[in-house]
Amino acid sequence: MSLIDFTSAGVAASVIITLMVMFGLSFVGSLLFWLFYHQNIKKG
Amino acid sequence: MLAVIFTFIWGIALFIFLFYSLISLLFRAISYPRDFCRFAGNQQPAEIDKDLRYFVIVPCFNEAGVIKQTLTNLLNFDQFEVIVVDDASSDDSVAQISQLNSPRLHLLRRYVPNAHTGKGDVLNFALDYICQIIIRQKIAFDKTIVGVIDADARLADNALERLNAYFSSPQTNITQMRVKMYPHFKNELQILQDIEFFSINHMAQIMRMYTRTVGLSGNGQFFRLAPILAKIGQHPWGNALLDDYELTIKMMLRQLSVNYMTDTYVYQEALTSPKKFIRQRSRWVQGDLNCLQYLPRIIKSKILSRTQKLGIYYFLIQPWLNFLADLAIIVLTTIAATHWHSLYANLPPLTLLVVLAGLAGFSLFWGVVFGIFYYYDLYHYHEPRLSYRQLIILPLGISYMYVILFFSIIMAFWRWGLHENSWIKTEHGKKES
């Protein structure tokens with residue numbers, strides 16, 4: 001059974017790229033979220 | 001096919017976790033130092049309201065080992081009236097409480113069959129008593145502040161000063177203190193609980209200040225009585241096993257926002273036994289599942305903002321997400337282990353080494369980040385430092401602490417499915433076997 005064939009450069013690259021994209025998307029998403037809300041504090 | 005499905009689930013869970021952790025990190029590292037004095041819980045009013053009256057509720061069930069010490073600490077704050085509710089303890093908790101002589105200490109007792117019906121009932125019972133006192137003594141409801149402190153807790157020395165500053169502003173109604181475990185840890189599990197509360201949860205609560213989704217943590221919650229009675233009713237606490245978050249949802253649905261105090265904290269006892277730790281967490285997870293009953297009201301609510309709804313959905317989805325993510329990790333690890341040869345045997349040793357090192361680095365990333373913040377927090381608040389050995393294993397512990405919590409998730413779903421809603425009490429002040 002071959003699940004993720006790391007000996008294939010193409011498969012290995014796609015796995016690594018997927019992980020990097022996931023990281024990138026999380027980072028960009030969280031940065032946008034932070035930019036939108038970082039002034040949203042009100043003194044009690 | 002199985003591997004693809006679980007990889008997909010793992011990917012979604014990882015994305016949500018990364019997103020949540022990164023936004024918490026940005027608010028903690030960039031916004032919080034800048035806005036420290038703008039936090040309602042940290043404000044310094046021009047004048048302190050001298051008419052505030054504090055009633056602190058301490059639920060007590062078999063707490064003989066800790067209760068006297070907790071009450072003594074609370075009575076040291078001269079503005080506190082302490083209401084301790086014994087929920088039909090079978091140990092000598094009542095005898096321990098009776099040794100303390102103070103006109104500011106009120107012992108209420110519940111008896112079976114009316115006892116052992118959950119923490120929410122105990123707190124509502126105490127609140128009825130407080131209402132009787134303030135009506136009798138003609139204390140203004142908007143000057144009455146009610147707090148909830150666990151039987152194993154101790155407040156930091158500046159707690160009353162911070163509370164007075166917070167409640168002196170008439171616009172402020174509800175606040176949750178930062179939570180810390182007692183220092184001088186007996187084992188690594190206690191350190192991990194301290195990191196979780198003192199630094200990781202702290203980071204999340206800071207982010208929630210900006211999104212107006214701060215959650216109550218049970219221990220160290222204080223509120224002004226008048227708005228709670230007016231908007232939620234005479235018995236604000238419900239029967240969910242996570243009474244604090246249930247109350248948070250009720251408050252948010254009634255447009256009451258919770259603030260967070262970052263500059264004072266409440267100490268509580270960390271568990272030393274993994275078994276007790278799993279039991280305690282299973283109660284919390286089950287309590288989260290109990291809160292699903294509010295989902296239709298949250299979805300339909302016109303009061304809650306989209307961000308607030310998102311914050312609550314995130315909280316409610318956590319048990320399901322954690323369950324699926326843990327399951328995915330178990331399935332994928334099993335597949336990788338059983339197909340080790342076909343997966344990795346043909347890899348050159350150097351490539352294999354790089355892959356393994358990459359995976360290890362990836363898994364330890366958040367452990368290192370949270371560990372750095374924790375180290376800084378201990379230093380900043382002059383708390384006892386950790387030894388070098390503890391510091392080295394810290395990232396590993398933080399990264400893998402949640403593995404043992406998988407058992408608590410299973411236990412919670414099991415009990416929830418069987419409608420087993422009895423209270424799994426955490427024992428305090430007892431020697432672990």
# chains A, B, ... in the order shown; residues from 1 in each chain; ligands from 1

call {"tool": "closest_atom_pairs", "arguments": {"of": "chain B", "to": "chain A", "cutoff": "6 Å", "atoms": "only C-alpha atoms", "output": "JSON lines"}}
result
{"residue": "B:Phe19", "atom": "CA", "partner": "A:Ser26", "partner_atom": "CA", "distance": 4.8}
{"residue": "B:Ile23", "atom": "CA", "partner": "A:Ser30", "partner_atom": "CA", "distance": 4.9}
{"residue": "B:Arg38", "atom": "CA", "partner": "A:Lys43", "partner_atom": "CA", "distance": 5.2}
{"residue": "B:Phe39", "atom": "CA", "partner": "A:Lys43", "partner_atom": "CA", "distance": 6.0}
{"residue": "B:Ala40", "atom": "CA", "partner": "A:Gly44", "partner_atom": "CA", "distance": 4.4}
{"residue": "B:Thr172", "atom": "CA", "partner": "A:Gly44", "partner_atom": "CA", "distance": 5.5}
{"residue": "B:Tyr210", "atom": "CA", "partner": "A:Asn40", "partner_atom": "CA", "distance": 5.3}

call {"tool": "write_last_selection", "arguments": {"atoms": "all heavy atoms", "output": "PDB file, in the first residue's frame"}}
result
ATOM      1  N   PHE B  19      -5.049  29.390  13.143  1.00  0.00           N
ATOM      2  CA  PHE B  19      -5.699  30.695  13.015  1.00  0.00           C
ATOM      3  C   PHE B  19      -5.965  31.281  14.405  1.00  0.00           C
ATOM      4  O   PHE B  19      -5.608  32.425  14.708  1.00  0.00           O
ATOM      5  CB  PHE B  19      -6.996  30.522  12.219  1.00  0.00           C
ATOM      6  CG  PHE B  19      -7.779  31.787  12.045  1.00  0.00           C
ATOM      7  CD1 PHE B  19      -7.344  32.780  11.186  1.00  0.00           C
ATOM      8  CD2 PHE B  19      -8.955  31.993  12.757  1.00  0.00           C
ATOM      9  CE1 PHE B  19      -8.061  33.954  11.025  1.00  0.00           C
ATOM     10  CE2 PHE B  19      -9.683  33.158  12.609  1.00  0.00           C
ATOM     11  CZ  PHE B  19      -9.239  34.144  11.744  1.00  0.00           C
ATOM     12  N   ILE B  23      -3.952  34.587  15.983  1.00  0.00           N
ATOM     13  CA  ILE B  23      -4.590  35.868  16.331  1.00  0.00           C
ATOM     14  C   ILE B  23      -4.391  36.157  17.823  1.00  0.00           C
ATOM     15  O   ILE B  23      -4.148  37.297  18.205  1.00  0.00           O
ATOM     16  CB  ILE B  23      -6.103  35.978  15.951  1.00  0.00           C
ATOM     17  CG1 ILE B  23      -6.894  34.766  16.372  1.00  0.00           C
ATOM     18  CG2 ILE B  23      -6.316  36.277  14.508  1.00  0.00           C
ATOM     19  CD1 ILE B  23      -8.389  34.904  16.094  1.00  0.00           C
ATOM     20  N   ARG B  38      -5.982  50.656  28.952  1.00  0.00           N
ATOM     21  CA  ARG B  38      -7.332  50.851  28.403  1.00  0.00           C
ATOM     22  C   ARG B  38      -8.238  49.676  28.730  1.00  0.00           C
ATOM     23  O   ARG B  38      -9.442  49.755  28.544  1.00  0.00           O
ATOM     24  CB  ARG B  38      -7.255  51.054  26.884  1.00  0.00           C
ATOM     25  CG  ARG B  38      -6.513  52.322  26.494  1.00  0.00           C
ATOM     26  CD  ARG B  38      -6.414  52.456  25.000  1.00  0.00           C
ATOM     27  NE  ARG B  38      -7.718  52.702  24.399  1.00  0.00           N
ATOM     28  CZ  ARG B  38      -8.053  52.340  23.158  1.00  0.00           C
ATOM     29  NH1 ARG B  38      -7.188  51.703  22.413  1.00  0.00           N
ATOM     30  NH2 ARG B  38      -9.235  52.615  22.678  1.00  0.00           N
ATOM     31  N   PHE B  39      -7.671  48.573  29.187  1.00  0.00           N
ATOM     32  CA  PHE B  39      -8.499  47.437  29.599  1.00  0.00           C
ATOM     33  C   PHE B  39      -9.353  47.863  30.788  1.00  0.00           C
ATOM     34  O   PHE B  39      -8.828  48.402  31.766  1.00  0.00           O
ATOM     35  CB  PHE B  39      -7.614  46.254  30.018  1.00  0.00           C
ATOM     36  CG  PHE B  39      -7.245  45.347  28.886  1.00  0.00           C
ATOM     37  CD1 PHE B  39      -6.510  45.824  27.816  1.00  0.00           C
ATOM     38  CD2 PHE B  39      -7.620  44.016  28.882  1.00  0.00           C
ATOM     39  CE1 PHE B  39      -6.161  44.998  26.762  1.00  0.00           C
ATOM     40  CE2 PHE B  39      -7.280  43.186  27.834  1.00  0.00           C
ATOM     41  CZ  PHE B  39      -6.547  43.670  26.775  1.00  0.00           C
ATOM     42  N   ALA B  40     -10.674  47.615  30.701  1.00  0.00           N
ATOM     43  CA  ALA B  40     -11.562  48.026  31.795  1.00  0.00           C
ATOM     44  C   ALA B  40     -11.093  47.441  33.132  1.00  0.00           C
ATOM     45  O   ALA B  40     -11.172  48.087  34.167  1.00  0.00           O
ATOM     46  CB  ALA B  40     -12.984  47.574  31.489  1.00  0.00           C
ATOM     47  N   THR B 172     -19.213  49.505  34.393  1.00  0.00           N
ATOM     48  CA  THR B 172     -18.652  48.159  34.395  1.00  0.00           C
ATOM     49  C   THR B 172     -19.522  47.217  35.229  1.00  0.00           C
ATOM     50  O   THR B 172     -19.992  47.591  36.302  1.00  0.00           O
ATOM     51  CB  THR B 172     -17.225  48.148  34.961  1.00  0.00           C
ATOM     52  OG1 THR B 172     -17.274  48.775  36.236  1.00  0.00           O
ATOM     53  CG2 THR B 172     -16.261  48.885  34.066  1.00  0.00           C
ATOM     54  N   TYR B 210     -10.959  42.125  22.801  1.00  0.00           N
ATOM     55  CA  TYR B 210     -11.127  42.907  21.573  1.00  0.00           C
ATOM     56  C   TYR B 210     -12.356  42.463  20.777  1.00  0.00           C
ATOM     57  O   TYR B 210     -12.918  43.248  20.031  1.00  0.00           O
ATOM     58  CB  TYR B 210      -9.876  42.788  20.694  1.00  0.00           C
ATOM     59  CG  TYR B 210      -8.673  43.481  21.300  1.00  0.00           C
ATOM     60  CD1 TYR B 210      -7.842  42.824  22.200  1.00  0.00           C
ATOM     61  CD2 TYR B 210      -8.386  44.803  20.983  1.00  0.00           C
ATOM     62  CE1 TYR B 210      -6.756  43.456  22.777  1.00  0.00           C
ATOM     63  CE2 TYR B 210      -7.288  45.447  21.545  1.00  0.00           C
ATOM     64  CZ  TYR B 210      -6.478  44.774  22.445  1.00  0.00           C
ATOM     65  OH  TYR B 210      -5.407  45.404  23.015  1.00  0.00           O
TER      66      TYR B 210
END

call {"tool": "atom_distance", "arguments": {"atom1": "atom CA of B:Phe17", "atom2": "atom CA of B:Leu192"}}
result
18.7 Å

call {"tool": "select_by_dssp", "arguments": {"residues": "stretch 188-367 of chain B", "states": "strand (DSSP E or B)", "output": "list in words"}}
result
Gln221, Phe222, Phe223, Arg224, Val258, Asn259, Tyr260, Met261, Thr262, Asp263, Thr264, Tyr265, Val266, Tyr267 and Gln268 of chain B

call {"tool": "write_last_selection", "arguments": {"atoms": "all heavy atoms", "output": "short mmCIF file (atom, residue, chain, number, x, y, z; two decimals), in the first residue's frame"}}
result
data_model
loop_
_atom_site.label_atom_id
_atom_site.label_comp_id
_atom_site.auth_asym_id
_atom_site.auth_seq_id
_atom_site.Cartn_x
_atom_site.Cartn_y
_atom_site.Cartn_z
N GLN B 221 -14.70 35.09 39.35
CA GLN B 221 -15.66 35.93 38.59
C GLN B 221 -16.37 36.86 39.57
O GLN B 221 -16.74 36.46 40.67
CB GLN B 221 -16.68 35.06 37.85
CG GLN B 221 -17.44 34.09 38.72
CD GLN B 221 -18.51 33.33 37.97
OE1 GLN B 221 -19.58 33.84 37.71
NE2 GLN B 221 -18.21 32.08 37.63
N PHE B 222 -16.54 38.11 39.19
CA PHE B 222 -17.22 39.11 40.04
C PHE B 222 -18.20 39.88 39.18
O PHE B 222 -17.88 40.23 38.05
CB PHE B 222 -16.20 40.08 40.65
CG PHE B 222 -15.41 39.48 41.78
CD1 PHE B 222 -14.31 38.69 41.52
CD2 PHE B 222 -15.78 39.70 43.11
CE1 PHE B 222 -13.58 38.12 42.57
CE2 PHE B 222 -15.06 39.14 44.15
CZ PHE B 222 -13.96 38.34 43.88
N PHE B 223 -19.40 40.13 39.71
CA PHE B 223 -20.36 40.93 38.94
C PHE B 223 -21.19 41.83 39.85
O PHE B 223 -21.35 41.57 41.04
CB PHE B 223 -21.27 40.04 38.09
CG PHE B 223 -22.07 39.01 38.83
CD1 PHE B 223 -23.21 39.35 39.53
CD2 PHE B 223 -21.66 37.67 38.81
CE1 PHE B 223 -23.95 38.40 40.20
CE2 PHE B 223 -22.40 36.71 39.50
CZ PHE B 223 -23.55 37.08 40.19
N ARG B 224 -21.68 42.90 39.24
CA ARG B 224 -22.58 43.81 39.94
C ARG B 224 -23.97 43.17 39.93
O ARG B 224 -24.45 42.70 38.89
CB ARG B 224 -22.59 45.15 39.17
CG ARG B 224 -23.11 46.33 39.96
CD ARG B 224 -23.19 47.56 39.07
NE ARG B 224 -21.90 48.00 38.55
CZ ARG B 224 -21.05 48.78 39.23
NH1 ARG B 224 -21.36 49.19 40.45
NH2 ARG B 224 -19.91 49.14 38.70
N VAL B 258 -18.59 40.87 29.38
CA VAL B 258 -17.66 40.49 30.46
C VAL B 258 -16.30 41.12 30.17
O VAL B 258 -15.83 41.09 29.04
CB VAL B 258 -17.52 38.95 30.53
CG1 VAL B 258 -16.64 38.55 31.70
CG2 VAL B 258 -18.87 38.28 30.63
N ASN B 259 -15.69 41.71 31.21
CA ASN B 259 -14.33 42.24 31.07
C ASN B 259 -13.33 41.27 31.69
O ASN B 259 -13.71 40.30 32.35
CB ASN B 259 -14.22 43.61 31.74
CG ASN B 259 -15.02 44.66 31.00
OD1 ASN B 259 -15.89 45.28 31.58
ND2 ASN B 259 -14.75 44.84 29.73
N TYR B 260 -12.08 41.58 31.46
CA TYR B 260 -11.03 40.67 31.93
C TYR B 260 -9.97 41.48 32.68
O TYR B 260 -9.53 42.52 32.20
CB TYR B 260 -10.42 39.96 30.72
CG TYR B 260 -9.28 39.03 31.04
CD1 TYR B 260 -9.44 38.00 31.95
CD2 TYR B 260 -8.05 39.17 30.40
CE1 TYR B 260 -8.40 37.14 32.23
CE2 TYR B 260 -7.00 38.31 30.67
CZ TYR B 260 -7.19 37.30 31.58
OH TYR B 260 -6.15 36.44 31.86
N MET B 261 -9.60 40.99 33.85
CA MET B 261 -8.55 41.66 34.65
C MET B 261 -7.24 40.93 34.42
O MET B 261 -7.14 39.75 34.73
CB MET B 261 -8.91 41.57 36.13
CG MET B 261 -10.05 42.43 36.51
SD MET B 261 -10.35 42.24 38.26
CE MET B 261 -11.00 43.84 38.60
N THR B 262 -6.27 41.65 33.92
CA THR B 262 -5.00 40.98 33.61
C THR B 262 -3.96 41.18 34.71
O THR B 262 -2.97 40.49 34.76
CB THR B 262 -4.41 41.50 32.29
OG1 THR B 262 -3.98 42.85 32.49
CG2 THR B 262 -5.39 41.44 31.16
N ASP B 263 -4.22 42.16 35.58
CA ASP B 263 -3.15 42.57 36.49
C ASP B 263 -3.33 42.06 37.92
O ASP B 263 -2.62 42.45 38.82
CB ASP B 263 -3.04 44.10 36.49
CG ASP B 263 -1.64 44.54 36.82
OD1 ASP B 263 -0.71 43.77 36.53
OD2 ASP B 263 -1.47 45.63 37.37
N THR B 264 -4.35 41.23 38.11
CA THR B 264 -4.46 40.56 39.40
C THR B 264 -4.94 39.16 39.09
O THR B 264 -5.45 38.91 38.00
CB THR B 264 -5.45 41.28 40.34
OG1 THR B 264 -5.42 40.64 41.62
CG2 THR B 264 -6.88 41.24 39.80
N TYR B 265 -4.74 38.26 40.01
CA TYR B 265 -5.18 36.90 39.67
C TYR B 265 -5.62 36.12 40.89
O TYR B 265 -5.39 36.50 42.03
CB TYR B 265 -4.14 36.13 38.86
CG TYR B 265 -2.70 36.35 39.24
CD1 TYR B 265 -2.09 35.58 40.22
CD2 TYR B 265 -1.94 37.31 38.58
CE1 TYR B 265 -0.75 35.76 40.53
CE2 TYR B 265 -0.61 37.51 38.89
CZ TYR B 265 -0.02 36.74 39.87
OH TYR B 265 1.28 36.93 40.18
N VAL B 266 -6.27 35.00 40.57
CA VAL B 266 -6.72 34.09 41.62
C VAL B 266 -5.90 32.80 41.46
O VAL B 266 -5.74 32.29 40.37
CB VAL B 266 -8.25 33.85 41.52
CG1 VAL B 266 -8.68 33.36 40.16
CG2 VAL B 266 -8.73 32.87 42.59
N TYR B 267 -5.36 32.36 42.59
CA TYR B 267 -4.59 31.11 42.57
C TYR B 267 -5.54 29.94 42.80
O TYR B 267 -6.50 30.06 43.58
CB TYR B 267 -3.58 31.07 43.72
CG TYR B 267 -2.43 32.01 43.59
CD1 TYR B 267 -2.45 33.25 44.21
CD2 TYR B 267 -1.28 31.65 42.89
CE1 TYR B 267 -1.38 34.12 44.12
CE2 TYR B 267 -0.19 32.52 42.80
CZ TYR B 267 -0.25 33.75 43.42
OH TYR B 267 0.81 34.59 43.34
N GLN B 268 -5.28 28.84 42.16
CA GLN B 268 -6.02 27.62 42.49
C GLN B 268 -5.07 26.43 42.45
O GLN B 268 -3.94 26.54 41.98
CB GLN B 268 -7.21 27.42 41.56
CG GLN B 268 -6.88 27.15 40.12
CD GLN B 268 -8.13 27.07 39.26
OE1 GLN B 268 -9.07 27.83 39.43
NE2 GLN B 268 -8.15 26.13 38.33
#

call {"tool": "residues_around", "arguments": {"residues": "stretch 123-138 of chain B", "least_positions_apart": "5", "cutoff": "9 Å", "atoms": "only C-alpha atoms", "output": "ChimeraX atom specification"}}
result
/B:55,57-59,83-85,108,110,144,146,148,234-238

call {"tool": "write_last_selection", "arguments": {"atoms": "N, CA, C and O atoms", "output": "compact mmCIF listing (two decimals), in the first residue's frame"}}
result
# COMPACT_ATOMS: atom_id res chain seq x y z
N PHE B 55 -19.84 40.46 48.30
CA PHE B 55 -20.26 39.17 48.85
C PHE B 55 -19.60 38.08 48.02
O PHE B 55 -19.86 37.98 46.81
N ILE B 57 -19.03 34.18 47.24
CA ILE B 57 -19.61 32.85 47.45
C ILE B 57 -18.51 31.79 47.28
O ILE B 57 -17.75 31.81 46.30
N VAL B 58 -18.43 30.88 48.26
CA VAL B 58 -17.47 29.77 48.17
C VAL B 58 -18.24 28.45 48.26
O VAL B 58 -18.68 28.07 49.34
N PRO B 59 -18.45 27.75 47.15
CA PRO B 59 -19.10 26.44 47.22
C PRO B 59 -18.16 25.43 47.86
O PRO B 59 -16.96 25.43 47.58
N ILE B 83 -19.65 34.05 51.93
CA ILE B 83 -20.78 33.13 52.06
C ILE B 83 -20.28 31.75 51.64
O ILE B 83 -20.07 31.51 50.44
N VAL B 84 -20.08 30.86 52.60
CA VAL B 84 -19.62 29.52 52.23
C VAL B 84 -20.82 28.57 52.30
O VAL B 84 -21.57 28.57 53.27
N VAL B 85 -21.00 27.82 51.22
CA VAL B 85 -22.16 26.92 51.15
C VAL B 85 -21.67 25.48 51.21
O VAL B 85 -21.00 25.00 50.29
N LEU B 108 -23.72 28.50 55.12
CA LEU B 108 -25.03 27.98 54.72
C LEU B 108 -24.88 26.47 54.49
O LEU B 108 -23.86 26.04 53.94
N ARG B 110 -26.59 22.83 52.97
CA ARG B 110 -27.62 22.14 52.19
C ARG B 110 -27.61 20.67 52.61
O ARG B 110 -26.54 20.13 52.93
N THR B 144 -23.84 46.40 45.09
CA THR B 144 -23.55 45.06 45.60
C THR B 144 -22.78 44.26 44.55
O THR B 144 -23.23 44.11 43.42
N VAL B 146 -21.03 40.65 43.64
CA VAL B 146 -21.01 39.23 44.02
C VAL B 146 -19.83 38.55 43.32
O VAL B 146 -19.62 38.75 42.12
N VAL B 148 -17.44 34.77 42.91
CA VAL B 148 -17.42 33.31 43.11
C VAL B 148 -15.96 32.87 43.17
O VAL B 148 -15.17 33.16 42.26
N GLN B 234 -33.35 35.98 39.11
CA GLN B 234 -32.90 35.73 40.49
C GLN B 234 -31.95 34.53 40.59
O GLN B 234 -31.15 34.45 41.51
N HIS B 235 -32.09 33.60 39.66
CA HIS B 235 -31.23 32.41 39.67
C HIS B 235 -30.45 32.35 38.36
O HIS B 235 -30.83 31.63 37.42
N PRO B 236 -29.37 33.11 38.26
CA PRO B 236 -28.66 33.22 36.98
C PRO B 236 -27.96 31.93 36.53
O PRO B 236 -27.80 31.70 35.35
N TRP B 237 -27.52 31.11 37.50
CA TRP B 237 -26.74 29.93 37.10
C TRP B 237 -27.66 28.80 36.68
O TRP B 237 -28.72 28.57 37.28
N GLY B 238 -27.24 28.06 35.66
CA GLY B 238 -28.04 26.94 35.16
C GLY B 238 -27.46 25.61 35.60
O GLY B 238 -26.61 25.53 36.49

call {"tool": "atom_distance", "arguments": {"atom1": "atom CA of B:Asn322", "atom2": "atom CA of B:Ser24"}}
result
18.6 Å

call {"tool": "closest_atom_pairs", "arguments": {"of": "stretch 31-75 of chain B", "to": "stretch 91-100 of chain B", "cutoff": "6 Å", "atoms": "only C-alpha atoms", "output": "tab-separated table"}}
result
residue	atom	partner	partner_atom	distance
B:Asn62	CA	B:Asp91	CA	5.5
B:Glu63	CA	B:Ser93	CA	5.7
B:Ala64	CA	B:Ser93	CA	4.1
B:Lys68	CA	B:Ile97	CA	5.9

call {"tool": "select_by_dssp", "arguments": {"residues": "stretch 232-398 of chain B", "states": "alpha helix (DSSP H)", "output": "PyMOL selection string"}}
result
chain B and resi 243-253+274-290+295-300+306-338+340-344+349-380+388-398

call {"tool": "write_last_selection", "arguments": {"atoms": "C-alpha atoms", "output": "compact mmCIF listing (two decimals), in the first residue's frame"}}
result
# COMPACT_ATOMS: atom_id res chain seq x y z
CA ASP B 243 -21.84 26.64 34.83
CA ASP B 244 -19.41 29.48 34.13
CA TYR B 245 -19.59 29.39 30.35
CA GLU B 246 -23.33 28.80 30.48
CA LEU B 247 -23.62 32.03 32.48
CA THR B 248 -21.34 33.76 29.97
CA ILE B 249 -23.69 32.80 27.12
CA LYS B 250 -26.73 33.98 29.09
CA MET B 251 -24.99 37.30 29.80
CA MET B 252 -23.98 37.81 26.18
CA LEU B 253 -27.52 37.02 24.99
CA PRO B 274 -3.42 12.35 35.48
CA LYS B 275 -6.55 10.35 36.34
CA LYS B 276 -8.11 13.25 38.25
CA PHE B 277 -6.96 15.64 35.54
CA ILE B 278 -8.81 13.59 32.90
CA ARG B 279 -11.94 13.41 35.06
CA GLN B 280 -11.93 17.16 35.64
CA ARG B 281 -11.47 17.90 31.94
CA SER B 282 -14.17 15.42 30.96
CA ARG B 283 -16.59 17.41 33.12
CA TRP B 284 -15.58 20.61 31.34
CA VAL B 285 -16.00 19.00 27.91
CA GLN B 286 -19.39 17.60 28.90
CA GLY B 287 -20.37 21.03 30.21
CA ASP B 288 -19.43 22.48 26.84
CA LEU B 289 -21.70 19.90 25.19
CA ASN B 290 -24.50 20.86 27.64
CA LEU B 295 -27.37 27.15 20.04
CA PRO B 296 -30.80 28.00 18.54
CA ARG B 297 -31.00 31.17 20.63
CA ILE B 298 -27.46 32.16 19.67
CA ILE B 299 -28.16 31.62 15.96
CA LYS B 300 -31.39 33.65 16.11
CA ARG B 306 -21.23 38.16 14.15
CA THR B 307 -17.87 38.10 15.91
CA GLN B 308 -19.49 37.21 19.22
CA LYS B 309 -21.44 34.43 17.55
CA LEU B 310 -18.24 33.19 15.94
CA GLY B 311 -16.52 33.19 19.35
CA ILE B 312 -19.32 31.13 20.90
CA TYR B 313 -19.49 28.75 17.93
CA TYR B 314 -15.76 28.19 18.26
CA PHE B 315 -16.19 27.30 21.91
CA LEU B 316 -19.14 24.98 21.24
CA ILE B 317 -17.45 23.23 18.35
CA GLN B 318 -14.27 22.51 20.32
CA PRO B 319 -15.24 19.07 21.72
CA TRP B 320 -16.26 17.87 18.26
CA LEU B 321 -13.22 19.34 16.58
CA ASN B 322 -10.86 17.96 19.22
CA PHE B 323 -12.50 14.54 19.00
CA LEU B 324 -12.20 14.39 15.22
CA ALA B 325 -8.66 15.81 15.20
CA ASP B 326 -7.50 13.33 17.85
CA LEU B 327 -9.16 10.49 15.99
CA ALA B 328 -7.47 11.59 12.77
CA ILE B 329 -4.09 11.71 14.49
CA ILE B 330 -4.58 8.21 15.93
CA VAL B 331 -5.72 6.75 12.60
CA LEU B 332 -2.97 8.45 10.58
CA THR B 333 -0.28 7.49 13.08
CA THR B 334 -1.48 3.87 13.03
CA ILE B 335 -1.45 3.81 9.22
CA ALA B 336 2.03 5.37 9.15
CA ALA B 337 3.32 2.88 11.72
CA THR B 338 1.82 -0.20 10.05
CA TRP B 340 6.34 2.12 7.74
CA HIS B 341 8.27 0.05 5.25
CA SER B 342 6.42 1.08 2.11
CA LEU B 343 6.35 4.72 3.21
CA TYR B 344 9.86 5.42 4.36
CA PRO B 349 18.82 8.38 5.40
CA LEU B 350 19.50 12.10 5.12
CA THR B 351 16.05 12.82 3.66
CA LEU B 352 14.43 10.67 6.35
CA LEU B 353 16.35 12.60 8.99
CA VAL B 354 15.21 15.93 7.52
CA VAL B 355 11.56 14.75 7.40
CA LEU B 356 11.67 13.55 11.03
CA ALA B 357 13.42 16.72 12.22
CA GLY B 358 10.88 18.84 10.33
CA LEU B 359 7.97 16.98 11.93
CA ALA B 360 9.49 17.32 15.40
CA GLY B 361 10.15 21.05 14.90
CA PHE B 362 6.64 21.56 13.56
CA SER B 363 5.04 19.80 16.54
CA LEU B 364 7.13 21.72 19.08
CA PHE B 365 6.59 25.17 17.59
CA TRP B 366 3.69 26.26 19.80
CA GLY B 367 5.27 24.60 22.81
CA VAL B 368 8.30 26.89 22.39
CA VAL B 369 6.17 30.02 21.76
CA PHE B 370 3.88 29.49 24.76
CA GLY B 371 6.87 28.47 26.89
CA ILE B 372 8.60 31.80 26.16
CA PHE B 373 5.51 33.79 27.15
CA TYR B 374 5.10 31.75 30.30
CA TYR B 375 8.72 32.29 31.29
CA TYR B 376 8.28 36.03 30.73
CA ASP B 377 5.01 36.10 32.74
CA LEU B 378 6.63 34.38 35.74
CA TYR B 379 9.52 36.85 35.62
CA HIS B 380 7.22 39.87 35.24
CA TYR B 388 16.55 24.36 33.90
CA ARG B 389 15.33 20.78 33.58
CA GLN B 390 11.72 21.92 33.70
CA LEU B 391 12.44 24.62 31.14
CA ILE B 392 13.92 22.12 28.71
CA ILE B 393 10.99 19.72 28.85
CA LEU B 394 8.43 22.56 28.82
CA PRO B 395 7.89 22.74 25.00
CA LEU B 396 7.49 18.98 24.83
CA GLY B 397 4.94 18.98 27.64
CA ILE B 398 2.90 21.86 26.20

call {"tool": "atom_distance", "arguments": {"atom1": "atom CA of B:Val403", "atom2": "atom CA of B:Leu347"}}
result
28.8 Å

call {"tool": "residues_around", "arguments": {"residues": "B:Ile149", "least_positions_apart": "2", "cutoff": "7 Å", "atoms": "only C-alpha atoms", "output": "compact mmCIF listing (two decimals) with N, CA and C atoms, in the first residue's frame"}}
result
# COMPACT_ATOMS: atom_id res chain seq x y z
N VAL B 56 -18.76 37.30 48.66
CA VAL B 56 -18.02 36.28 47.93
C VAL B 56 -18.58 34.90 48.27
N ILE B 57 -19.03 34.18 47.24
CA ILE B 57 -19.61 32.85 47.45
C ILE B 57 -18.51 31.79 47.28
N VAL B 58 -18.43 30.88 48.26
CA VAL B 58 -17.47 29.77 48.17
C VAL B 58 -18.24 28.45 48.26
N GLY B 147 -19.10 37.77 44.09
CA GLY B 147 -17.96 37.04 43.51
C GLY B 147 -18.11 35.55 43.74
N ALA B 151 -13.20 26.61 46.43
CA ALA B 151 -12.78 26.29 47.80
C ALA B 151 -11.27 26.09 47.94
N ALA B 153 -9.05 28.17 46.44
CA ALA B 153 -8.45 29.35 45.82
C ALA B 153 -7.86 30.35 46.82
N ASN B 219 -13.90 30.28 38.71
CA ASN B 219 -13.13 30.80 39.82
C ASN B 219 -12.66 32.23 39.51
N GLY B 220 -12.96 33.17 40.41
CA GLY B 220 -12.49 34.55 40.20
C GLY B 220 -13.41 35.38 39.34
